[in-house]
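Engineer: Next up, entry.cif (mmCIF, C-alpha atoms).
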```cif
data_structure
loop_
_atom_site.group_PDB
_atom_site.id
_atom_site.type_symbol
_atom_site.label_atom_id
_atom_site.label_comp_id
_atom_site.auth_asym_id
_atom_site.auth_seq_id
_atom_site.Cartn_x
_atom_site.Cartn_y
_atom_site.Cartn_z
ATOM 1 C CA MET N 1 0.000 0.000 0.000
ATOM 2 C CA THR N 2 1.313 3.425 -0.947
ATOM 3 C CA LEU N 3 1.616 5.752 2.032
ATOM 4 C CA PRO N 4 -0.806 8.626 1.382
ATOM 5 C CA ASN N 5 0.917 11.922 0.611
ATOM 6 C CA ARG N 6 -1.210 14.650 2.215
ATOM 7 C CA SER N 7 1.137 17.551 1.546
ATOM 8 C CA HIS N 8 -1.332 19.081 -0.918
ATOM 9 C CA LEU N 9 -4.023 19.471 1.765
ATOM 10 C CA LEU N 10 -4.505 23.046 2.932
ATOM 11 C CA THR N 11 -4.689 21.935 6.563
ATOM 12 C CA GLU N 12 -1.257 20.270 6.208
ATOM 13 C CA GLN N 13 0.528 23.247 4.653
ATOM 14 C CA ARG N 14 2.685 25.718 6.565
ATOM 15 C CA ASN N 15 1.151 28.992 7.624
ATOM 16 C CA PRO N 16 3.376 31.876 6.436
ATOM 17 C CA ARG N 17 2.134 34.055 9.289
ATOM 18 C CA THR N 18 3.340 31.705 12.019
ATOM 19 C CA MET N 19 6.845 30.714 10.947
ATOM 20 C CA ASN N 20 8.505 32.157 14.072
ATOM 21 C CA LEU N 21 6.354 30.776 16.897
ATOM 22 C CA HIS N 22 9.370 29.563 18.867
ATOM 23 C CA LYS N 23 10.662 33.146 19.101
ATOM 24 C CA LEU N 24 7.444 34.813 20.291
ATOM 25 C CA SER N 25 6.617 36.018 23.787
ATOM 26 C CA VAL N 26 3.535 34.783 25.619
ATOM 27 C CA ALA N 27 1.637 37.965 24.711
ATOM 28 C CA ASP N 28 2.631 37.656 21.053
ATOM 29 C CA LEU N 29 1.580 33.997 20.966
ATOM 30 C CA VAL N 30 -1.829 34.828 22.422
ATOM 31 C CA ARG N 31 -2.262 37.623 19.877
ATOM 32 C CA THR N 32 -1.113 35.458 16.950
ATOM 33 C CA ILE N 33 -3.416 32.551 17.792
ATOM 34 C CA ARG N 34 -6.342 34.907 18.387
ATOM 35 C CA ARG N 35 -5.805 36.596 15.021
ATOM 36 C CA GLU N 36 -5.627 33.263 13.232
ATOM 37 C CA ASP N 37 -8.895 32.217 14.860
ATOM 38 C CA GLU N 38 -10.580 35.140 13.113
ATOM 39 C CA THR N 39 -10.375 33.122 9.885
ATOM 40 C CA VAL N 40 -12.882 30.694 11.396
ATOM 41 C CA LEU N 41 -15.601 33.350 11.074
ATOM 42 C CA THR N 42 -14.830 33.761 7.382
ATOM 43 C CA ALA N 43 -14.898 29.990 6.905
ATOM 44 C CA MET N 44 -18.307 29.775 8.578
ATOM 45 C CA ALA N 45 -19.681 32.541 6.343
ATOM 46 C CA THR N 46 -18.425 30.627 3.301
ATOM 47 C CA ALA N 47 -20.150 27.459 4.527
ATOM 48 C CA GLU N 48 -23.477 29.124 5.334
ATOM 49 C CA PRO N 49 -25.264 28.332 2.014
ATOM 50 C CA ALA N 50 -24.159 24.684 2.136
ATOM 51 C CA LEU N 51 -25.202 24.317 5.770
ATOM 52 C CA SER N 52 -28.605 25.839 5.001
ATOM 53 C CA ALA N 53 -29.191 23.550 2.017
ATOM 54 C CA PHE N 54 -28.198 20.497 4.040
ATOM 55 C CA LEU N 55 -30.444 21.414 6.960
ATOM 56 C CA GLU N 56 -33.414 21.967 4.661
ATOM 57 C CA GLU N 57 -33.145 18.271 3.794
ATOM 58 C CA ALA N 58 -32.327 17.091 7.303
ATOM 59 C CA GLU N 59 -35.173 18.960 9.028
ATOM 60 C CA PRO N 60 -38.184 16.912 7.850
ATOM 61 C CA ARG N 61 -36.306 13.682 8.527
ATOM 62 C CA PHE N 62 -35.457 14.641 12.090
ATOM 63 C CA ILE N 63 -38.930 15.996 12.842
ATOM 64 C CA ALA N 64 -40.395 12.726 11.568
ATOM 65 C CA GLY N 65 -38.363 10.845 14.168
ATOM 66 C CA GLY N 66 -35.079 10.297 12.356
ATOM 67 C CA ARG N 67 -31.707 10.297 14.037
ATOM 68 C CA LEU N 68 -28.714 12.611 13.704
ATOM 69 C CA ILE N 69 -25.511 10.566 13.638
ATOM 70 C CA TYR N 70 -22.030 12.086 13.788
ATOM 71 C CA LEU N 71 -18.796 10.165 13.400
ATOM 72 C CA GLY N 72 -15.108 10.868 13.090
ATOM 73 C CA ALA N 73 -11.623 9.999 14.303
ATOM 74 C CA GLY N 74 -9.424 11.834 16.789
ATOM 75 C CA THR N 75 -10.467 15.421 17.416
ATOM 76 C CA SER N 76 -13.303 15.078 14.906
ATOM 77 C CA GLY N 77 -14.684 12.072 16.756
ATOM 78 C CA ARG N 78 -14.394 13.786 20.127
ATOM 79 C CA LEU N 79 -16.323 16.783 18.818
ATOM 80 C CA ALA N 80 -18.941 14.400 17.421
ATOM 81 C CA VAL N 81 -19.458 12.757 20.799
ATOM 82 C CA LEU N 82 -19.418 16.122 22.604
ATOM 83 C CA ASP N 83 -22.216 17.633 20.531
ATOM 84 C CA ALA N 84 -24.290 14.465 20.710
ATOM 85 C CA SER N 85 -23.893 14.202 24.490
ATOM 86 C CA GLU N 86 -25.056 17.798 25.013
ATOM 87 C CA ALA N 87 -28.368 17.334 23.190
ATOM 88 C CA PRO N 88 -30.313 15.417 25.881
ATOM 89 C CA PRO N 89 -29.678 17.801 28.810
ATOM 90 C CA THR N 90 -30.157 20.924 26.695
ATOM 91 C CA PHE N 91 -33.207 19.906 24.674
ATOM 92 C CA ASP N 92 -34.535 16.821 26.513
ATOM 93 C CA VAL N 93 -34.146 14.894 23.279
ATOM 94 C CA PRO N 94 -34.459 11.142 23.967
ATOM 95 C CA PRO N 95 -31.216 9.146 24.113
ATOM 96 C CA GLY N 96 -30.428 7.691 20.724
ATOM 97 C CA ARG N 97 -31.822 10.564 18.657
ATOM 98 C CA VAL N 98 -28.431 12.298 18.409
ATOM 99 C CA ILE N 99 -25.511 9.860 18.289
ATOM 100 C CA GLY N 100 -21.764 10.461 18.320
ATOM 101 C CA ILE N 101 -19.357 7.733 17.174
ATOM 102 C CA ILE N 102 -15.566 7.932 17.484
ATOM 103 C CA ALA N 103 -13.060 5.663 15.756
ATOM 104 C CA GLY N 104 -11.675 3.236 18.304
ATOM 105 C CA GLY N 105 -14.717 3.412 20.580
ATOM 106 C CA ASP N 106 -15.273 5.386 23.761
ATOM 107 C CA ALA N 107 -11.761 4.606 25.000
ATOM 108 C CA ALA N 108 -10.477 6.893 22.216
ATOM 109 C CA LEU N 109 -12.154 9.874 23.884
ATOM 110 C CA ARG N 110 -9.255 9.994 26.364
ATOM 111 C CA THR N 111 -6.518 7.838 24.876
ATOM 112 C CA PRO N 112 -5.618 7.716 21.160
ATOM 113 C CA VAL N 113 -6.338 4.358 19.561
ATOM 114 C CA GLU N 114 -3.506 3.882 17.096
ATOM 115 C CA GLY N 115 -4.552 3.100 13.549
ATOM 116 C CA ALA N 116 -8.305 3.416 14.141
ATOM 117 C CA GLU N 117 -8.661 6.343 11.753
ATOM 118 C CA ASP N 118 -6.937 4.367 8.975
ATOM 119 C CA ASN N 119 -9.539 1.591 9.018
ATOM 120 C CA TYR N 120 -11.791 2.264 6.020
ATOM 121 C CA ASN N 121 -14.350 -0.247 7.293
ATOM 122 C CA GLY N 122 -14.001 0.720 10.951
ATOM 123 C CA ALA N 123 -17.397 2.406 11.261
ATOM 124 C CA ALA N 124 -19.344 -0.416 9.579
ATOM 125 C CA PRO N 125 -20.113 -2.442 12.748
ATOM 126 C CA GLU N 126 -21.486 0.595 14.607
ATOM 127 C CA LEU N 127 -23.522 1.726 11.611
ATOM 128 C CA ASN N 128 -24.926 -1.776 11.103
ATOM 129 C CA LYS N 129 -26.146 -1.817 14.717
ATOM 130 C CA LEU N 130 -28.184 1.324 14.033
ATOM 131 C CA ASN N 131 -30.253 -0.203 11.216
ATOM 132 C CA LEU N 132 -30.259 3.071 9.298
ATOM 133 C CA THR N 133 -33.424 4.273 7.574
ATOM 134 C CA SER N 134 -34.416 6.995 5.125
ATOM 135 C CA LEU N 135 -35.237 9.270 8.076
ATOM 136 C CA ASP N 136 -31.678 9.222 9.428
ATOM 137 C CA THR N 137 -28.837 11.639 8.734
ATOM 138 C CA VAL N 138 -25.186 10.573 8.899
ATOM 139 C CA ILE N 139 -22.459 13.219 9.126
ATOM 140 C CA ALA N 140 -18.832 12.179 8.725
ATOM 141 C CA ILE N 141 -16.200 14.628 9.982
ATOM 142 C CA ALA N 142 -12.695 14.758 8.519
ATOM 143 C CA ALA N 143 -10.737 17.991 8.843
ATOM 144 C CA GLY N 144 -8.414 17.071 5.983
ATOM 145 C CA GLY N 145 -11.107 15.343 3.935
ATOM 146 C CA THR N 146 -9.122 12.109 3.522
ATOM 147 C CA THR N 147 -9.619 10.156 6.772
ATOM 148 C CA PRO N 148 -10.318 6.544 5.741
ATOM 149 C CA TYR N 149 -12.620 5.915 8.727
ATOM 150 C CA ALA N 150 -14.868 8.869 7.798
ATOM 151 C CA LEU N 151 -14.914 8.268 4.045
ATOM 152 C CA GLY N 152 -15.522 4.564 4.573
ATOM 153 C CA ALA N 153 -18.490 5.373 6.805
ATOM 154 C CA LEU N 154 -20.058 7.463 4.043
ATOM 155 C CA GLU N 155 -19.486 4.742 1.470
ATOM 156 C CA HIS N 156 -20.888 2.058 3.773
ATOM 157 C CA THR N 157 -23.984 4.171 4.432
ATOM 158 C CA LYS N 158 -24.413 4.816 0.721
ATOM 159 C CA LEU N 159 -24.277 1.092 -0.064
ATOM 160 C CA THR N 160 -26.356 -0.250 2.817
ATOM 161 C CA SER N 161 -28.913 2.555 3.216
ATOM 162 C CA PRO N 162 -28.821 4.736 0.077
ATOM 163 C CA GLN N 163 -31.834 6.833 1.161
ATOM 164 C CA THR N 164 -30.113 7.946 4.365
ATOM 165 C CA LEU N 165 -29.054 11.582 4.105
ATOM 166 C CA ARG N 166 -25.282 12.011 4.292
ATOM 167 C CA ALA N 167 -22.821 14.855 4.752
ATOM 168 C CA LEU N 168 -19.071 15.322 4.950
ATOM 169 C CA ILE N 169 -17.661 18.124 7.105
ATOM 170 C CA THR N 170 -14.142 19.033 6.044
ATOM 171 C CA CYS N 171 -11.886 22.056 6.393
ATOM 172 C CA THR N 172 -9.950 21.775 3.142
ATOM 173 C CA PRO N 173 -10.938 21.455 -0.521
ATOM 174 C CA LEU N 174 -11.046 17.782 -1.417
ATOM 175 C CA PRO N 175 -8.135 16.272 -3.360
ATOM 176 C CA PRO N 176 -8.722 15.677 -7.061
ATOM 177 C CA THR N 177 -10.121 12.290 -7.971
ATOM 178 C CA ASP N 178 -7.526 11.976 -10.749
ATOM 179 C CA ALA N 179 -4.459 12.577 -8.550
ATOM 180 C CA PRO N 180 -1.162 11.542 -10.253
ATOM 181 C CA PRO N 181 0.513 8.286 -9.183
ATOM 182 C CA ASP N 182 3.072 9.934 -6.896
ATOM 183 C CA ASP N 183 0.216 11.520 -4.953
ATOM 184 C CA ALA N 184 -1.683 8.246 -4.720
ATOM 185 C CA HIS N 185 -4.099 7.732 -1.852
ATOM 186 C CA SER N 186 -4.748 4.467 -0.082
ATOM 187 C CA VAL N 187 -8.402 5.544 0.115
ATOM 188 C CA PRO N 188 -10.417 6.398 -3.016
ATOM 189 C CA PRO N 189 -10.985 10.191 -2.985
ATOM 190 C CA TRP N 190 -14.603 11.101 -2.445
ATOM 191 C CA ASP N 191 -16.229 12.608 -5.524
ATOM 192 C CA SER N 192 -19.311 14.700 -4.758
ATOM 193 C CA THR N 193 -20.455 14.552 -8.389
ATOM 194 C CA ASP N 194 -20.654 10.777 -8.065
ATOM 195 C CA ASP N 195 -22.570 10.951 -4.774
ATOM 196 C CA PRO N 196 -25.194 13.711 -4.980
ATOM 197 C CA LYS N 197 -26.942 12.401 -1.851
ATOM 198 C CA THR N 198 -23.950 13.446 0.244
ATOM 199 C CA HIS N 199 -23.643 17.136 1.061
ATOM 200 C CA LEU N 200 -20.177 18.659 1.167
ATOM 201 C CA LEU N 201 -19.907 21.055 4.123
ATOM 202 C CA LEU N 202 -16.606 22.820 3.489
ATOM 203 C CA LEU N 203 -15.202 25.025 6.263
ATOM 204 C CA PRO N 204 -12.044 26.485 4.639
ATOM 205 C CA THR N 205 -9.989 27.493 7.677
ATOM 206 C CA GLY N 206 -6.620 27.434 5.884
ATOM 207 C CA PRO N 207 -3.234 26.363 7.259
ATOM 208 C CA GLU N 208 -3.093 25.929 11.018
ATOM 209 C CA VAL N 209 -1.037 27.963 13.492
ATOM 210 C CA ILE N 210 0.999 24.795 14.043
ATOM 211 C CA THR N 211 1.253 22.888 10.786
ATOM 212 C CA GLY N 212 -1.260 20.047 10.671
ATOM 213 C CA SER N 213 -2.691 20.688 14.168
ATOM 214 C CA THR N 214 -6.337 20.566 13.155
ATOM 215 C CA ARG N 215 -7.449 20.567 16.800
ATOM 216 C CA MET N 216 -7.065 24.348 16.457
ATOM 217 C CA LYS N 217 -8.853 26.344 13.723
ATOM 218 C CA ALA N 218 -10.351 23.293 12.011
ATOM 219 C CA GLY N 219 -11.584 21.966 15.352
ATOM 220 C CA THR N 220 -13.096 25.311 16.287
ATOM 221 C CA ALA N 221 -14.903 25.595 12.951
ATOM 222 C CA THR N 222 -16.149 22.013 13.214
ATOM 223 C CA LYS N 223 -17.570 22.652 16.692
ATOM 224 C CA ARG N 224 -19.352 25.759 15.384
ATOM 225 C CA ALA N 225 -20.809 23.785 12.469
ATOM 226 C CA LEU N 226 -22.074 21.029 14.759
ATOM 227 C CA ASN N 227 -23.601 23.659 17.066
ATOM 228 C CA ILE N 228 -25.442 25.156 14.103
ATOM 229 C CA ILE N 229 -26.660 21.776 12.837
ATOM 230 C CA SER N 230 -27.961 20.379 16.125
ATOM 231 C CA THR N 231 -29.364 23.668 17.435
ATOM 232 C CA THR N 232 -31.177 24.450 14.184
ATOM 233 C CA LEU N 233 -32.795 21.014 14.130
ATOM 234 C CA MET N 234 -33.857 21.313 17.768
ATOM 235 C CA ILE N 235 -35.409 24.731 17.179
ATOM 236 C CA ARG N 236 -37.261 23.512 14.098
ATOM 237 C CA ASP N 237 -38.448 20.498 16.103
ATOM 238 C CA GLY N 238 -40.212 22.851 18.529
ATOM 239 C CA ARG N 239 -37.766 22.434 21.398
ATOM 240 C CA VAL N 240 -37.126 26.190 21.671
ATOM 241 C CA HIS N 241 -39.708 28.980 22.106
ATOM 242 C CA GLU N 242 -38.488 32.510 21.403
ATOM 243 C CA ASN N 243 -34.898 31.957 22.580
ATOM 244 C CA LEU N 244 -35.782 29.831 25.600
ATOM 245 C CA MET N 245 -35.093 26.100 25.985
ATOM 246 C CA VAL N 246 -38.667 25.178 26.868
ATOM 247 C CA GLU N 247 -38.067 21.453 26.342
ATOM 248 C CA LEU N 248 -35.787 21.566 29.357
ATOM 249 C CA ARG N 249 -36.437 18.961 32.036
ATOM 250 C CA ALA N 250 -35.360 20.305 35.443
ATOM 251 C CA THR N 251 -33.317 17.544 37.074
ATOM 252 C CA ASN N 252 -30.904 19.556 39.270
ATOM 253 C CA ASP N 253 -30.802 22.878 41.106
ATOM 254 C CA LYS N 254 -29.268 24.824 38.235
ATOM 255 C CA LEU N 255 -31.867 23.552 35.790
ATOM 256 C CA ARG N 256 -34.724 24.083 38.246
ATOM 257 C CA ASP N 257 -33.621 27.692 38.636
ATOM 258 C CA ARG N 258 -33.447 28.154 34.857
ATOM 259 C CA ALA N 259 -36.776 26.406 34.363
ATOM 260 C CA ALA N 260 -38.470 28.636 36.930
ATOM 261 C CA ARG N 261 -37.118 31.730 35.209
ATOM 262 C CA ILE N 262 -38.375 30.494 31.840
ATOM 263 C CA ILE N 263 -41.837 29.840 33.267
ATOM 264 C CA ALA N 264 -41.898 33.250 34.954
ATOM 265 C CA THR N 265 -40.844 34.959 31.712
ATOM 266 C CA LEU N 266 -43.561 33.315 29.629
ATOM 267 C CA THR N 267 -46.399 33.353 32.168
ATOM 268 C CA GLY N 268 -45.812 36.377 34.382
ATOM 269 C CA LEU N 269 -45.880 34.212 37.502
ATOM 270 C CA ASP N 270 -43.546 35.149 40.335
ATOM 271 C CA ARG N 271 -40.647 32.867 41.236
ATOM 272 C CA ASP N 272 -42.396 30.933 44.014
ATOM 273 C CA ALA N 273 -45.491 30.287 41.881
ATOM 274 C CA SER N 274 -43.278 29.257 38.950
ATOM 275 C CA LEU N 275 -41.452 26.737 41.118
ATOM 276 C CA ARG N 276 -44.729 25.311 42.435
ATOM 277 C CA THR N 277 -46.128 24.928 38.935
ATOM 278 C CA LEU N 278 -42.887 23.332 37.773
ATOM 279 C CA GLU N 279 -43.120 20.797 40.596
ATOM 280 C CA GLU N 280 -46.729 19.994 39.700
ATOM 281 C CA ALA N 281 -45.564 19.446 36.104
ATOM 282 C CA ASP N 282 -42.877 16.964 37.225
ATOM 283 C CA GLY N 283 -40.137 19.327 36.073
ATOM 284 C CA GLU N 284 -41.510 19.722 32.523
ATOM 285 C CA VAL N 285 -41.319 23.378 31.473
ATOM 286 C CA LYS N 286 -43.740 23.195 28.528
ATOM 287 C CA THR N 287 -46.282 21.344 30.608
ATOM 288 C CA ALA N 288 -46.049 23.933 33.385
ATOM 289 C CA ILE N 289 -46.583 26.822 30.968
ATOM 290 C CA VAL N 290 -49.623 25.193 29.356
ATOM 291 C CA MET N 291 -51.044 24.326 32.778
ATOM 292 C CA HIS N 292 -50.974 27.991 33.776
ATOM 293 C CA LYS N 293 -52.195 29.324 30.432
ATOM 294 C CA HIS N 294 -55.268 27.076 30.192
ATOM 295 C CA GLN N 295 -55.702 26.268 33.896
ATOM 296 C CA LEU N 296 -55.194 22.539 33.365
ATOM 297 C CA ASP N 297 -53.798 19.735 35.446
ATOM 298 C CA ALA N 298 -50.449 18.271 34.370
ATOM 299 C CA GLU N 299 -51.758 15.249 32.475
ATOM 300 C CA THR N 300 -54.353 17.255 30.548
ATOM 301 C CA ALA N 301 -51.687 19.825 29.681
ATOM 302 C CA ARG N 302 -49.441 17.040 28.345
ATOM 303 C CA GLN N 303 -52.255 15.695 26.203
ATOM 304 C CA HIS N 304 -52.993 19.180 24.875
ATOM 305 C CA LEU N 305 -49.348 19.567 23.902
ATOM 306 C CA LYS N 306 -49.349 16.161 22.239
ATOM 307 C CA THR N 307 -52.442 17.144 20.229
ATOM 308 C CA HIS N 308 -50.407 20.026 18.826
ATOM 309 C CA ASN N 309 -47.251 18.036 18.053
ATOM 310 C CA ASN N 310 -45.664 19.193 21.307
ATOM 311 C CA ARG N 311 -45.282 22.720 19.923
ATOM 312 C CA LEU N 312 -45.741 25.274 22.648
ATOM 313 C CA GLU N 313 -46.833 28.150 20.418
ATOM 314 C CA MET N 314 -49.718 26.154 18.964
ATOM 315 C CA ALA N 315 -50.733 24.758 22.365
ATOM 316 C CA LEU N 316 -50.860 28.256 23.835
ATOM 317 C CA GLN N 317 -52.837 29.723 20.956
ATOM 318 C CA ARG N 318 -55.541 27.065 20.888
ATOM 319 C CA GLN N 319 -57.932 26.262 23.681
ATOM 320 C CA PRO N 320 -58.140 22.619 24.733
ATOM 321 C CA ASP N 321 -61.259 20.760 23.716
ATOM 322 C CA ALA N 322 -63.942 20.807 26.364
ATOM 323 C CA PRO N 323 -64.515 17.407 28.004
ATOM 324 C CA THR N 324 -67.549 15.529 26.772
ATOM 325 C CA ASN N 325 -70.017 13.625 28.926
ATOM 326 C CA ASP N 326 -70.844 10.080 27.936
#
```
Do you think you could lay out the structure here as structure tokens?
Structural biologist:
Amino acid sequence: MTLPNRSHLLTEQRNPRTMNLHKLSVADLVRTIRREDETVLTAMATAEPALSAFLEEAEPRFIAGGRLIYLGAGTSGRLAVLDASEAPPTFDVPPGRVIGIIAGGDAALRTPVEGAEDNYNGAAPELNKLNLTSLDTVIAIAAGGTTPYALGALEHTKLTSPQTLRALITCTPLPPTDAPPDDAHSVPPWDSTDDPKTHLLLLPTGPEVITGSTRMKAGTATKRALNIISTTLMIRDGRVHENLMVELRATNDKLRDRAARIIATLTGLDRDASLRTLEEADGEVKTAIVMHKHQLDAETARQHLKTHNNRLEMALQRQPDAPTND
């Protein structure tokens, strides 16, 4: 097997603005790294149309009950697991709706698993366990766009569940599919023209402060992209009202405090009354708000929400049906 030559990748090239890092003072290093991070904002602006187009396709799938599945190796995999693990406490999304997979398994979150990212078929067992459907969305993350584990995951998904929506997040333009022999890759380059079902989400962050250290600008841009993807889907799924996380389930003191403030903001109740209503609603913010608005008990409020697809705005606007006598 020919060792892949990645010197042509933008994320592997030297940054002309950071050639003298070893000579800089602490203050100059902080300033240099901060200035380089400003390119992340430009990269995100460049990616905005592609992110929007991708999310337009992902939204109806997720709302219909589909899953959002991230996967990657190294830093990319850790960011995948991080974003997935933050969805349940922030949006009360059921476990298994947002999934993060890292090459080498959970042990790789803390300790590198040598060679895991080079396994083109490494993600296949985890993907097979998920029994992917047309409602699911699989996002592979590869800062340099050539990670065998990530590209293999996309190919496996394409072959085993072609109707599953797919995306590749990368921070460098993809290598040409007709690369000359001396630039040969051990993994077939991904060609977007040959796979129109896979969205290319390019975040062009340029050469890193330290050559090849994609945990820096590329990692920051990737985290921002994942924030945008998951947060947008949660908002569109009715888990946010105005800019408040109304799907929150208050399970500790910090969340109970936040939940009470949300209830007070949307109902006008004082803090003590908000906390009492929250307790009656078993810690469910939406339920508590609907209870107060329509003067319902908790179970009736839940049913009213369910009638309106669990969307708070609709449940508040429409009066519950009056009970009928048999």
Engineer: I would like the residues chosen by the PyMOL selection byres ((chain N and resi 108-110) around 10) on the shown file; could you give them as a PyMOL selection string?
Structural biologist: chain N and resi 73-75+77-79+81-82+102-107+111-114+116
Engineer: May I ask for the distance between atom CA of Pro94 of chain N and atom CA of Thr300 of chain N, given in Å to one decimal place?
Structural biologist: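 Interatomic distance here is 21.8 Å.
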Engineer: Of the candidates N:Leu203, N:Glu299, N:Gly268, N:Lys306, which shows the shortest atom-to-atom distance to Glu280 of chain N, using all atoms listed in the file?
Structural biologist: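 Closest to Glu280 of chain N, using all atoms listed in the file: N:Glu299.
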Engineer: What is the atom CA of Ala150 of chain N-atom CA of Ala80 of chain N distance in Å, reported with one decimal?
Structural biologist: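 Atom-to-atom, atom CA of Ala150 of chain N to atom CA of Ala80 of chain N, that is 11.8 Å.
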Engineer: Atom CA of Thr11 of chain N and atom CA of Glu208 of chain N, how far apart in Å?
Structural biologist: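 Computed distance, atom CA of Glu208 of chain N to atom CA of Thr11 of chain N, equals 6.2 Å.
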